[in-house]
$ cat final34.cif   # mmCIF, C-alpha atoms
data_run
#
loop_
_atom_site.label_atom_id
_atom_site.label_comp_id
_atom_site.auth_asym_id
_atom_site.auth_seq_id
_atom_site.Cartn_x
_atom_site.Cartn_y
_atom_site.Cartn_z
CA MET G 1 -155.78 16.59 -47.21
CA THR G 2 -157.10 18.67 -50.08
CA LEU G 3 -157.08 21.65 -47.77
CA VAL G 4 -153.40 21.17 -46.92
CA ALA G 5 -152.54 20.66 -50.59
CA LEU G 6 -154.33 23.89 -51.52
CA ALA G 7 -152.66 25.74 -48.66
CA VAL G 8 -149.23 24.54 -49.79
CA ALA G 9 -149.89 25.59 -53.36
CA ALA G 10 -151.13 29.01 -52.23
CA LEU G 11 -148.11 29.51 -49.96
CA LEU G 12 -145.61 28.52 -52.64
CA VAL G 13 -147.13 30.77 -55.27
CA ALA G 14 -147.54 33.72 -52.91
CA ASP G 15 -143.96 33.45 -51.65
CA LEU G 16 -142.07 32.45 -54.78
CA ARG G 17 -143.95 34.47 -57.35
CA TYR G 18 -145.23 37.51 -55.55
CA ASN G 19 -143.14 37.87 -52.37
CA ARG G 20 -146.32 38.66 -50.49
CA LEU G 21 -145.52 36.90 -47.25
CA ASP G 22 -142.58 38.91 -45.89
CA GLY G 23 -144.75 40.50 -43.21
CA SER G 24 -146.19 37.27 -41.83
CA ARG G 25 -142.75 35.70 -42.04
CA ALA G 26 -141.30 38.46 -39.87
CA VAL G 27 -144.07 37.94 -37.29
CA LEU G 28 -143.46 34.19 -37.13
CA ASP G 29 -139.72 34.81 -36.98
CA THR G 30 -140.18 37.05 -33.95
CA LEU G 31 -142.28 34.35 -32.27
CA LEU G 32 -139.54 31.83 -32.97
CA ALA G 33 -136.80 33.97 -31.41
CA PRO G 34 -136.56 31.63 -28.35
CA VAL G 35 -135.45 28.79 -30.61
CA PHE G 36 -132.42 30.77 -31.72
CA TRP G 37 -131.86 31.94 -28.19
CA VAL G 38 -131.68 28.35 -26.89
CA ALA G 39 -129.66 27.13 -29.87
CA GLY G 40 -127.13 29.90 -29.18
CA ILE G 41 -126.40 28.77 -25.62
CA PRO G 42 -123.55 26.34 -26.48
CA GLY G 43 -121.86 29.02 -28.57
CA ALA G 44 -122.33 31.57 -25.79
CA ILE G 45 -120.72 29.19 -23.30
CA GLY G 46 -117.78 28.77 -25.66
CA ALA G 47 -117.43 32.53 -26.00
CA TRP G 48 -117.65 32.95 -22.23
CA GLN G 49 -114.86 30.43 -21.76
CA ASP G 50 -112.82 32.30 -24.34
CA THR G 51 -113.10 35.55 -22.42
CA HIS G 52 -112.95 34.26 -18.84
CA ILE G 53 -110.64 31.28 -18.92
CA ARG G 54 -107.47 32.52 -20.58
CA SER G 55 -103.99 32.48 -19.35
CA ARG G 56 -102.18 35.69 -18.49
CA GLN G 57 -99.59 34.82 -21.12
CA THR G 58 -102.14 34.69 -23.98
CA LEU G 59 -103.67 37.96 -22.83
CA LEU G 60 -100.27 39.66 -22.78
CA GLU G 61 -99.44 38.36 -26.24
CA ASP G 62 -102.84 39.44 -27.56
CA ASN G 63 -102.37 42.86 -26.04
CA ALA G 64 -98.95 43.33 -27.59
CA HIS G 65 -100.22 42.17 -30.96
CA LEU G 66 -103.20 44.54 -30.86
CA ARG G 67 -100.96 47.44 -29.83
CA ARG G 68 -98.74 46.85 -32.84
CA GLU G 69 -101.73 46.59 -35.14
CA ASN G 70 -103.22 49.75 -33.68
CA LEU G 71 -99.98 51.64 -34.28
CA VAL G 72 -99.82 50.52 -37.90
CA LEU G 73 -103.47 51.45 -38.51
CA LYS G 74 -103.03 54.84 -36.86
CA GLY G 75 -100.01 55.45 -39.04
CA ARG G 76 -102.03 54.69 -42.15
CA LEU G 77 -104.85 56.89 -40.94
CA GLN G 78 -102.65 60.00 -40.66
CA GLN G 79 -102.96 60.79 -44.33
CA MET G 80 -106.65 59.98 -44.37
CA ALA G 81 -107.81 63.50 -43.45
CA SER G 82 -105.89 65.20 -46.23
CA LEU G 83 -106.83 62.49 -48.72
CA GLN G 84 -110.49 62.90 -47.83
CA ALA G 85 -110.26 66.66 -48.32
CA ASP G 86 -108.52 66.06 -51.65
CA ASN G 87 -111.20 63.65 -52.71
CA ALA G 88 -114.02 66.04 -51.80
CA ARG G 89 -112.33 68.87 -53.70
CA LEU G 90 -111.80 66.75 -56.81
CA ARG G 91 -115.37 65.52 -56.66
CA SER G 92 -116.70 69.05 -56.45
CA LEU G 93 -114.53 69.92 -59.47
CA LEU G 94 -116.18 67.01 -61.28
CA ASN G 95 -119.63 68.16 -60.14
CA SER G 96 -120.36 64.79 -58.60
CA THR G 97 -122.00 64.27 -55.25
CA ALA G 98 -119.94 63.93 -52.12
CA LEU G 99 -119.23 60.50 -50.72
CA LEU G 100 -121.37 59.67 -47.75
CA ARG G 101 -119.72 58.68 -44.57
CA ASP G 102 -121.10 55.30 -43.59
CA ASP G 103 -122.23 54.62 -40.04
CA VAL G 104 -121.84 51.09 -38.78
CA LEU G 105 -123.47 48.97 -36.13
CA VAL G 106 -121.72 45.97 -34.60
CA ALA G 107 -123.85 42.83 -34.62
CA GLU G 108 -123.21 39.32 -33.45
CA VAL G 109 -123.84 36.22 -35.51
CA VAL G 110 -126.22 34.08 -33.44
CA GLY G 111 -127.14 31.47 -36.00
CA VAL G 112 -126.36 29.95 -39.34
CA ALA G 113 -129.06 28.74 -41.71
CA PRO G 114 -129.34 25.02 -40.99
CA ASP G 115 -129.60 24.10 -44.64
CA PRO G 116 -126.04 23.93 -46.08
CA VAL G 117 -127.35 24.94 -49.51
CA ARG G 118 -128.47 28.30 -48.16
CA HIS G 119 -125.76 30.72 -47.14
CA GLN G 120 -127.59 32.75 -44.55
CA LEU G 121 -126.64 34.10 -41.15
CA ILE G 122 -128.87 35.21 -38.32
CA LEU G 123 -127.81 38.33 -36.44
CA ASP G 124 -128.78 39.50 -32.97
CA LYS G 125 -129.94 42.93 -34.18
CA GLY G 126 -133.36 43.46 -35.68
CA ASP G 127 -136.10 45.98 -36.11
CA ASP G 128 -135.42 47.35 -32.63
CA ALA G 129 -131.95 48.45 -33.78
CA ASP G 130 -133.32 49.99 -37.01
CA VAL G 131 -131.87 47.29 -39.22
CA TYR G 132 -133.58 47.45 -42.60
CA GLN G 133 -134.10 45.08 -45.48
CA GLY G 134 -131.34 45.34 -48.07
CA GLN G 135 -128.79 46.67 -45.58
CA PRO G 136 -125.19 45.76 -46.48
CA LEU G 137 -123.06 43.76 -44.07
CA ILE G 138 -119.26 43.81 -43.86
CA ASP G 139 -116.52 42.36 -41.70
CA ALA G 140 -112.89 43.36 -41.29
CA GLY G 141 -112.01 41.83 -44.67
CA GLY G 142 -114.78 43.06 -46.92
CA LEU G 143 -118.38 42.76 -48.02
CA MET G 144 -120.30 39.81 -46.57
CA GLY G 145 -123.85 40.15 -47.82
CA GLN G 146 -127.12 41.92 -47.28
CA VAL G 147 -130.07 41.75 -44.92
CA VAL G 148 -132.99 39.93 -46.49
CA GLU G 149 -135.39 39.69 -43.60
CA VAL G 150 -135.89 41.66 -40.41
CA SER G 151 -137.86 40.51 -37.40
CA GLN G 152 -138.17 42.27 -34.05
CA PHE G 153 -134.88 41.04 -32.53
CA HIS G 154 -133.11 39.24 -35.34
CA ALA G 155 -132.10 39.84 -38.91
CA ARG G 156 -131.42 37.27 -41.57
CA VAL G 157 -128.51 37.94 -43.91
CA LEU G 158 -127.91 36.49 -47.36
CA LEU G 159 -124.18 35.99 -47.98
CA ILE G 160 -122.58 36.98 -51.29
CA THR G 161 -121.69 33.32 -51.93
CA ASP G 162 -125.31 32.11 -51.89
CA ALA G 163 -126.30 30.72 -55.28
CA THR G 164 -129.13 33.26 -55.54
CA HIS G 165 -126.98 36.32 -54.79
CA SER G 166 -125.15 38.68 -57.13
CA VAL G 167 -123.24 41.84 -56.40
CA PRO G 168 -122.16 44.55 -58.85
CA VAL G 169 -118.38 45.00 -58.64
CA GLN G 170 -115.55 46.79 -60.37
CA VAL G 171 -111.87 45.99 -60.67
CA ASN G 172 -110.08 48.26 -58.24
CA ARG G 173 -107.09 48.66 -60.60
CA ASN G 174 -108.90 50.03 -63.64
CA GLY G 175 -112.62 50.27 -62.90
CA VAL G 176 -113.82 47.51 -65.22
CA ARG G 177 -117.38 46.69 -64.18
CA ALA G 178 -118.77 43.20 -63.69
CA VAL G 179 -121.24 41.23 -61.64
CA ALA G 180 -119.98 38.68 -59.10
CA GLU G 181 -122.39 35.81 -58.58
CA GLY G 182 -122.48 33.39 -55.68
CA THR G 183 -121.87 29.73 -56.40
CA GLY G 184 -123.14 28.02 -53.26
CA SER G 185 -119.58 27.35 -52.12
CA LEU G 186 -118.22 29.59 -49.38
CA ASP G 187 -114.86 30.36 -50.96
CA ARG G 188 -115.86 30.99 -54.55
CA LEU G 189 -117.58 33.68 -56.58
CA GLU G 190 -117.97 33.58 -60.35
CA ILE G 191 -117.87 36.55 -62.68
CA HIS G 192 -119.94 35.95 -65.76
CA HIS G 193 -120.24 37.79 -69.04
CA VAL G 194 -116.85 39.43 -69.08
CA ALA G 195 -115.44 39.60 -72.60
CA ALA G 196 -112.33 37.46 -73.12
CA THR G 197 -110.30 40.54 -74.05
CA THR G 198 -111.16 42.53 -70.91
CA ASP G 199 -108.20 43.71 -68.87
CA ILE G 200 -108.60 41.65 -65.74
CA ARG G 201 -105.83 39.64 -64.10
CA GLU G 202 -105.31 37.10 -61.38
CA GLY G 203 -104.93 38.82 -58.03
CA ASP G 204 -107.06 41.81 -59.00
CA LEU G 205 -109.15 43.20 -56.17
CA LEU G 206 -112.86 43.52 -56.90
CA VAL G 207 -114.67 46.23 -54.97
CA THR G 208 -118.34 47.16 -54.86
CA SER G 209 -119.18 49.51 -57.70
CA GLY G 210 -122.22 51.09 -56.08
CA LEU G 211 -124.29 50.39 -59.16
CA GLY G 212 -127.66 48.90 -58.33
CA GLN G 213 -127.93 51.29 -55.38
CA ARG G 214 -127.81 48.46 -52.88
CA PHE G 215 -124.19 48.38 -51.72
CA PRO G 216 -122.14 51.48 -50.99
CA ILE G 217 -119.20 52.02 -53.31
CA GLY G 218 -115.68 50.92 -52.52
CA TYR G 219 -115.92 47.94 -50.19
CA PRO G 220 -113.65 45.03 -51.15
CA VAL G 221 -115.57 41.96 -52.27
CA ALA G 222 -113.15 39.38 -53.64
CA THR G 223 -109.79 38.77 -55.24
CA VAL G 224 -109.60 37.12 -58.65
CA THR G 225 -108.13 33.62 -58.31
CA ALA G 226 -108.40 32.14 -61.79
CA ILE G 227 -109.13 33.28 -65.31
CA GLU G 228 -109.78 30.86 -68.13
CA ARG G 229 -109.76 32.36 -71.59
CA ASP G 230 -111.06 29.87 -74.12
CA PRO G 231 -110.99 31.20 -77.69
CA GLY G 232 -114.06 29.11 -78.45
CA GLN G 233 -116.12 30.89 -75.81
CA ALA G 234 -117.48 34.41 -75.98
CA PHE G 235 -116.70 35.14 -72.35
CA ALA G 236 -113.85 34.45 -69.97
CA ARG G 237 -114.47 32.15 -67.01
CA ILE G 238 -113.41 34.05 -63.95
CA THR G 239 -113.49 32.84 -60.36
CA ALA G 240 -112.74 34.91 -57.28
CA ARG G 241 -112.34 34.33 -53.56
CA PRO G 242 -114.28 36.54 -51.13
CA THR G 243 -112.06 38.72 -48.96
CA ALA G 244 -114.43 38.51 -45.98
CA ALA G 245 -114.10 35.54 -43.64
CA LEU G 246 -117.63 34.34 -44.40
CA ASP G 247 -117.48 31.12 -42.41
CA ARG G 248 -115.48 32.23 -39.40
CA VAL G 249 -116.60 35.59 -38.09
CA ARG G 250 -118.62 36.11 -34.96
CA HIS G 251 -118.92 39.89 -35.02
CA VAL G 252 -119.95 41.76 -38.14
CA LEU G 253 -120.72 45.35 -39.11
CA LEU G 254 -124.06 46.52 -40.46
CA VAL G 255 -123.55 49.57 -42.66
CA PHE G 256 -126.04 52.42 -42.58
CA ALA G 257 -125.54 54.02 -45.95
CA ARG G 258 -128.97 55.44 -46.65
CA ASP G 259 -128.79 58.95 -47.96
CA GLU G 260 -131.52 61.54 -47.43
CA SER G 261 -133.43 60.87 -50.64
CA GLU G 262 -133.70 57.18 -49.91
CA ALA G 263 -134.61 57.58 -46.27
CA SER G 264 -137.63 59.72 -47.09
CA ASP G 265 -139.53 57.05 -48.98
CA MET O 1 -158.71 7.53 -24.93
CA ALA O 2 -158.29 9.61 -21.85
CA VAL O 3 -159.52 12.99 -22.92
CA GLU O 4 -158.71 14.65 -19.59
CA GLU O 5 -155.02 13.85 -20.16
CA GLY O 6 -155.06 15.92 -23.33
CA ALA O 7 -154.17 19.21 -21.70
CA THR O 8 -150.90 17.93 -20.22
CA GLY O 9 -150.14 15.83 -23.27
CA TYR O 10 -150.01 18.80 -25.59
CA TRP O 11 -147.17 20.30 -23.60
CA VAL O 12 -145.09 17.17 -24.03
CA ILE O 13 -145.66 17.13 -27.77
CA LEU O 14 -144.92 20.85 -28.08
CA ALA O 15 -141.78 20.50 -25.95
CA THR O 16 -140.43 17.72 -28.16
CA LEU O 17 -141.18 19.78 -31.26
CA PHE O 18 -139.39 22.77 -29.73
CA THR O 19 -136.36 20.59 -28.97
CA ALA O 20 -136.41 19.42 -32.57
CA TYR O 21 -136.37 23.04 -33.77
CA VAL O 22 -133.45 23.91 -31.52
CA LEU O 23 -131.47 20.89 -32.71
CA ALA O 24 -132.36 21.80 -36.28
CA VAL O 25 -130.82 25.28 -36.06
CA LEU O 26 -127.91 24.41 -33.76
CA PRO O 27 -124.80 25.70 -35.54
CA LEU O 28 -122.69 22.86 -36.95
CA GLY O 29 -119.50 22.93 -38.98
CA PRO O 30 -119.83 23.23 -42.75
CA TRP O 31 -119.35 19.50 -43.25
CA LEU O 32 -121.41 18.27 -40.34
CA ALA O 33 -124.27 20.43 -41.58
CA TRP O 34 -124.73 18.12 -44.56
CA LEU O 35 -125.16 15.21 -42.14
CA ARG O 36 -127.62 16.91 -39.78
CA PRO O 37 -130.52 14.52 -39.17
CA GLU O 38 -134.01 15.82 -39.90
CA TRP O 39 -134.94 16.10 -36.23
CA LEU O 40 -138.37 17.53 -36.87
CA LEU O 41 -139.17 14.67 -39.24
CA LEU O 42 -138.13 12.12 -36.61
CA VAL O 43 -140.28 13.74 -33.91
CA VAL O 44 -143.32 14.20 -36.15
CA THR O 45 -143.02 10.64 -37.47
CA TYR O 46 -142.86 9.30 -33.93
CA TRP O 47 -145.96 11.15 -32.78
CA VAL O 48 -147.91 10.17 -35.90
CA ILE O 49 -147.08 6.51 -35.29
CA ALA O 50 -147.67 6.65 -31.54
CA LEU O 51 -150.78 8.88 -31.52
CA PRO O 52 -152.32 8.81 -35.00
CA HIS O 53 -155.63 10.06 -33.60
CA ARG O 54 -154.04 13.26 -32.32
CA VAL O 55 -151.04 14.09 -34.47
CA GLY O 56 -151.53 14.01 -38.18
CA LEU O 57 -151.49 16.05 -41.32
CA VAL O 58 -152.44 19.40 -39.83
CA THR O 59 -149.83 19.20 -37.05
CA ALA O 60 -147.21 18.20 -39.58
CA ALA O 61 -148.16 21.07 -41.90
CA LEU O 62 -148.03 23.66 -39.09
CA ALA O 63 -144.75 22.26 -37.79
CA GLY O 64 -143.39 22.49 -41.34
CA LEU O 65 -144.50 26.12 -41.66
CA LEU O 66 -142.48 27.11 -38.59
CA MET O 67 -139.52 25.15 -39.95
CA ASP O 68 -139.74 27.09 -43.21
CA VAL O 69 -139.50 30.33 -41.27
CA LEU O 70 -136.55 29.04 -39.22
CA GLU O 71 -134.69 27.80 -42.27
CA GLY O 72 -135.45 30.88 -44.31
CA ALA O 73 -136.84 28.55 -46.94
CA VAL O 74 -139.69 29.26 -49.32
CA LEU O 75 -142.88 29.15 -47.27
CA GLY O 76 -144.44 25.81 -48.14
CA GLN O 77 -141.31 23.75 -48.66
CA ASN O 78 -141.29 21.95 -45.32
CA VAL O 79 -145.08 22.15 -45.15
CA LEU O 80 -145.31 19.99 -48.24
CA ALA O 81 -142.43 17.68 -47.33
CA LEU O 82 -143.62 17.04 -43.79
CA SER O 83 -147.24 16.62 -44.89
CA VAL O 84 -146.19 13.93 -47.34
CA VAL O 85 -144.15 12.23 -44.63
CA ALA O 86 -147.07 12.42 -42.18
CA LEU O 87 -149.44 10.95 -44.77
CA VAL O 88 -147.16 8.00 -45.46
CA ALA O 89 -146.47 7.49 -41.75
CA ARG O 90 -150.22 7.56 -41.15
CA LEU O 91 -150.68 4.79 -43.69
CA LEU O 92 -147.85 2.75 -42.21
CA TYR O 93 -148.38 3.25 -38.48
CA GLN O 94 -149.86 -0.17 -37.74
CA ARG O 95 -147.01 -1.89 -39.53
CA MET O 96 -144.40 0.40 -37.97
CA ARG O 97 -145.56 -0.61 -34.50
CA VAL O 98 -144.80 -4.30 -35.11
CA PHE O 99 -141.62 -3.71 -37.14
CA SER O 100 -138.25 -4.54 -35.64
CA LEU O 101 -135.95 -1.60 -34.92
CA ALA O 102 -133.97 -2.22 -38.12
CA GLN O 103 -137.10 -2.32 -40.24
CA GLN O 104 -138.31 0.88 -38.61
CA ALA O 105 -134.98 2.56 -39.28
CA LEU O 106 -135.18 1.49 -42.91
CA THR O 107 -138.67 2.98 -43.18
CA VAL O 108 -137.43 6.21 -41.63
CA PHE O 109 -134.57 6.19 -44.14
CA LEU O 110 -137.09 6.08 -46.99
CA LEU O 111 -139.33 8.71 -45.37
CA ALA O 112 -136.40 11.07 -44.83
CA GLY O 113 -135.21 10.47 -48.39
CA LEU O 114 -138.68 11.37 -49.64
CA HIS O 115 -138.62 14.48 -47.46
CA GLN O 116 -135.25 15.55 -48.86
CA LEU O 117 -136.39 14.96 -52.45
CA VAL O 118 -139.46 17.12 -51.98
CA CYS O 119 -137.35 19.87 -50.35
CA GLN O 120 -134.81 19.67 -53.16
CA TRP O 121 -137.55 19.87 -55.75
CA ILE O 122 -138.93 23.07 -54.26
CA GLN O 123 -135.47 24.57 -53.84
CA ASN O 124 -134.90 23.93 -57.51
CA LEU O 125 -138.09 25.85 -58.30
CA GLU O 126 -136.44 28.75 -56.52
CA GLY O 127 -133.15 28.18 -58.34
CA ALA O 128 -131.16 27.40 -55.19
CA GLY O 129 -130.92 23.63 -55.34
CA SER O 130 -127.88 21.58 -54.46
CA ARG O 131 -125.64 20.55 -57.33
CA SER O 132 -124.64 17.22 -55.81
CA PHE O 133 -126.43 14.34 -54.15
CA LEU O 134 -125.13 15.36 -50.73
CA PHE O 135 -128.61 16.55 -49.89
CA LEU O 136 -129.62 12.89 -49.45
CA LEU O 137 -127.15 12.35 -46.58
CA PRO O 138 -129.63 13.43 -43.87
CA ALA O 139 -131.76 10.41 -44.80
CA LEU O 140 -128.94 8.17 -43.63
CA SER O 141 -128.22 10.09 -40.42
CA SER O 142 -131.95 10.33 -39.63
CA ALA O 143 -132.26 6.55 -39.90
CA LEU O 144 -129.24 6.13 -37.62
CA PHE O 145 -130.72 8.49 -35.04
CA TRP O 146 -134.15 6.87 -35.14
CA PRO O 147 -133.50 4.30 -32.33
CA PRO O 148 -132.31 6.83 -29.69
CA VAL O 149 -135.08 9.27 -30.65
CA LEU O 150 -137.62 6.46 -30.43
CA PHE O 151 -136.48 5.42 -26.94
CA LEU O 152 -136.40 9.00 -25.65
CA LEU O 153 -139.80 9.94 -27.02
CA ARG O 154 -141.39 6.67 -25.94
CA GLY O 155 -139.96 7.20 -22.48
CA ALA O 156 -141.39 10.73 -22.40
CA ARG O 157 -144.75 9.56 -23.68
CA ARG O 158 -145.04 6.83 -21.05
CA TYR O 159 -143.70 8.96 -18.22
CA TYR O 160 -146.15 11.79 -18.86
CA ARG O 161 -148.90 9.38 -19.97
CA VAL O 162 -149.58 11.16 -23.24
CA GLN O 163 -152.33 9.25 -24.98
#
$ encode --input "final34.cif" --output "structure tokens"
Amino acid sequence: MTLVALAVAALLVADLRYNRLDGSRAVLDTLLAPVFWVAGIPGAIGAWQDTHIRSRQTLLEDNAHLRRENLVLKGRLQQMASLQADNARLRSLLNSTALLRDDVLVAEVVGVAPDPVRHQLILDKGDDADVYQGQPLIDAGGLMGQVVEVSQFHARVLLITDATHSVPVQVNRNGVRAVAEGTGSLDRLEIHHVAATTDIREGDLLVTSGLGQRFPIGYPVATVTAIERDPGQAFARITARPTAALDRVRHVLLVFARDESEASD
Amino acid sequence: MAVEEGATGYWVILATLFTAYVLAVLPLGPWLAWLRPEWLLLVVTYWVIALPHRVGLVTAALAGLLMDVLEGAVLGQNVLALSVVALVARLLYQRMRVFSLAQQALTVFLLAGLHQLVCQWIQNLEGAGSRSFLFLLPALSSALFWPPVLFLLRGARRYYRVQ
């Protein structure tokens, strides 16, 4: 009994205070991969039904819809090349470094952290696909979170809405910087310590600012939903809704944004 | 005590634990997730009551360690919670065996509540605790699922003669 009590104390201190156990955690996580594999079977059956048992009508409608969307996206992309050249030229005029092109890797969500307090996802790509700790994760709508733990075949992702997560953002309209903190509720972020007089409005898009060197610059994070300016308080109370579909997606994109200097160490 | 049965018996115990892990990480909707019974607690409690000479504190602690890894929790959270549960179950096992089903379910309710409180306490150390009392809901669902789990595990134990 004493032995177990001592072991628990040692584990808690080592993990909470010193983060010394990430290696052993990854090993155990790799050993436990079959659990996630078995738990994913019902979902896989559902996905199989989705792809194999569909009526011709739905497929035709889907196809038409995707064609339209593709046309619109291609149309928007036409100016991209010249805009990119413009951007590079302006940046060189300003003597700032060129923007990196980000590579992405498609991953599938195979699990959700069982504890509803923790907003974590488990992905089917791990060390074998060169996923690394701290890697940003996006979906079609915007930033989702970052990788916090990598085992051989899986990666664990902390979502931006987890109560322990914060992401540096800026208002897309005017570049005002802030930090968006998770609240533990999937559709809400809070922005703390923004002065009551700051120019920030409802509906403003918040994008990653790239400060903190963790997330690449320019990915949408959230839209501001409510601002409460109380003259008695030093700061405004700002809430925002994440643009990514955090609770619905099945396929996500892992962003490889390491530049040369970071990759070397 | 049939020692020669031990080798087969371990597989039954491990298989039930594995099933508990799978059920524990099975994706549920955001609302159902709050109600998810503590499957591992139910299985460990059952084995402690049925075979107190074989399953005890150490098994519970190891099972909790793997659960911590699965949940992505602080290492030690489920170790502590399950160890406490195993200790109490160990003290109560003779009474539990003569309890009626309702009394057993009530005991499981208290054990699961204790488990959730310990987990919540450690999550608060980390700064990620729940802000409502919803975290106590699994105690209720665990108590409700105790009778079916009991019948299934007892059936397995008798069928495979785990002693």
$ interface_residues --input "final34.cif" --of "chain G" --to "chain O" --cutoff "8 Å" --atoms "all atoms listed in the file" --output "list in words"
Met1, Val4, Ala5, Val8, Ala9, Leu11, Leu12, Asp15, Leu16, Arg25, Leu28, Asp29, Leu32, Val35, Phe36, Val38, Ala39, Gly40, Gly111, Val112, Ala113, Pro114, Asp115, Pro116, Val117, Arg118, Ala163 and Thr164 of chain G
$ closest_residue --input "final34.cif" --among "G:Asn174, G:Thr161, G:Ser151, G:Gln233" --to "Ala26 in chain G" --atoms "all atoms listed in the file"
G:Ser151
$ residues_near_point --input "final34.cif" --point "(-132.6, 4.4, -36.5)" --cutoff "9 Å" --atoms "all atoms listed in the file" --output "ChimeraX atom specification"
/O:101-106,108-109,140-150
$ atom_distance --input "final34.cif" --atom1 "CA of Gly56 in chain O" --atom2 "CA of Arg90 in chain O"
7.2 Å
$ resolve_selection --input "final34.cif" --expression "the PyMOL selection byres ((chain G and resi 130-137) around 10)" --output "VMD selection string"
chain G and resid 104 to 107 125 to 129 138 to 139 142 to 160 214 to 216 252 to 258
$ closest_residue --input "final34.cif" --among "O:Phe133, O:Arg154, O:Val55, O:Leu42" --to "Leu111 in chain O" --atoms "all atoms listed in the file"
O:Leu42
$ axis_aligned_box --input "final34.cif" --around "range 108-114 of chain G" --padding-each-side "8 Å" --output "AutoDock Vina command-line options"
--center_x -126.3 --center_y 32.2 --center_z -37.6 --size_x 22.1 --size_y 30.3 --size_z 24.3
$ residues_around --input "final34.cif" --residues "Gly175 in chain G" --least-positions-apart "2" --cutoff "10 Å" --atoms "all atoms listed in the file" --output "list in words"
Val169, Gln170, Val171, Asn172, Arg173, Arg177, Ala178, Asp199, Ile200, Leu206, Val207 and Ser209 of chain G
$ resolve_selection --input "final34.cif" --expression "the PyMOL selection byres ((chain O and resi 160) around 10)" --output "list in words"
Glu5, Thr8, Gly9, Trp11, Val12, Arg154, Gly155, Ala156, Arg157, Arg158, Tyr159, Arg161, Val162 and Gln163 of chain O
$ decode --input "final34.cif" --residues "range 225-240 of chain G" --atoms "C-alpha atoms" --output "compact mmCIF listing (two decimals), in the first residue's frame"
# COMPACT_ATOMS: atom_id res chain seq x y z
CA THR G 225 -19.35 36.58 -31.16
CA ALA G 226 -19.76 38.91 -28.20
CA ILE G 227 -17.98 41.84 -26.62
CA GLU G 228 -18.89 43.15 -23.20
CA ARG G 229 -17.38 46.49 -22.30
CA ASP G 230 -17.92 47.24 -18.63
CA PRO G 231 -16.55 50.64 -17.59
CA GLY G 232 -15.82 49.21 -14.16
CA GLN G 233 -13.48 46.59 -15.57
CA ALA G 234 -10.01 47.15 -16.97
CA PHE G 235 -10.51 44.72 -19.82
CA ALA G 236 -13.28 43.87 -22.24
CA ARG G 237 -14.87 40.42 -22.02
CA ILE G 238 -14.66 38.94 -25.48
CA THR G 239 -15.93 35.55 -26.60
CA ALA G 240 -15.38 33.97 -29.99
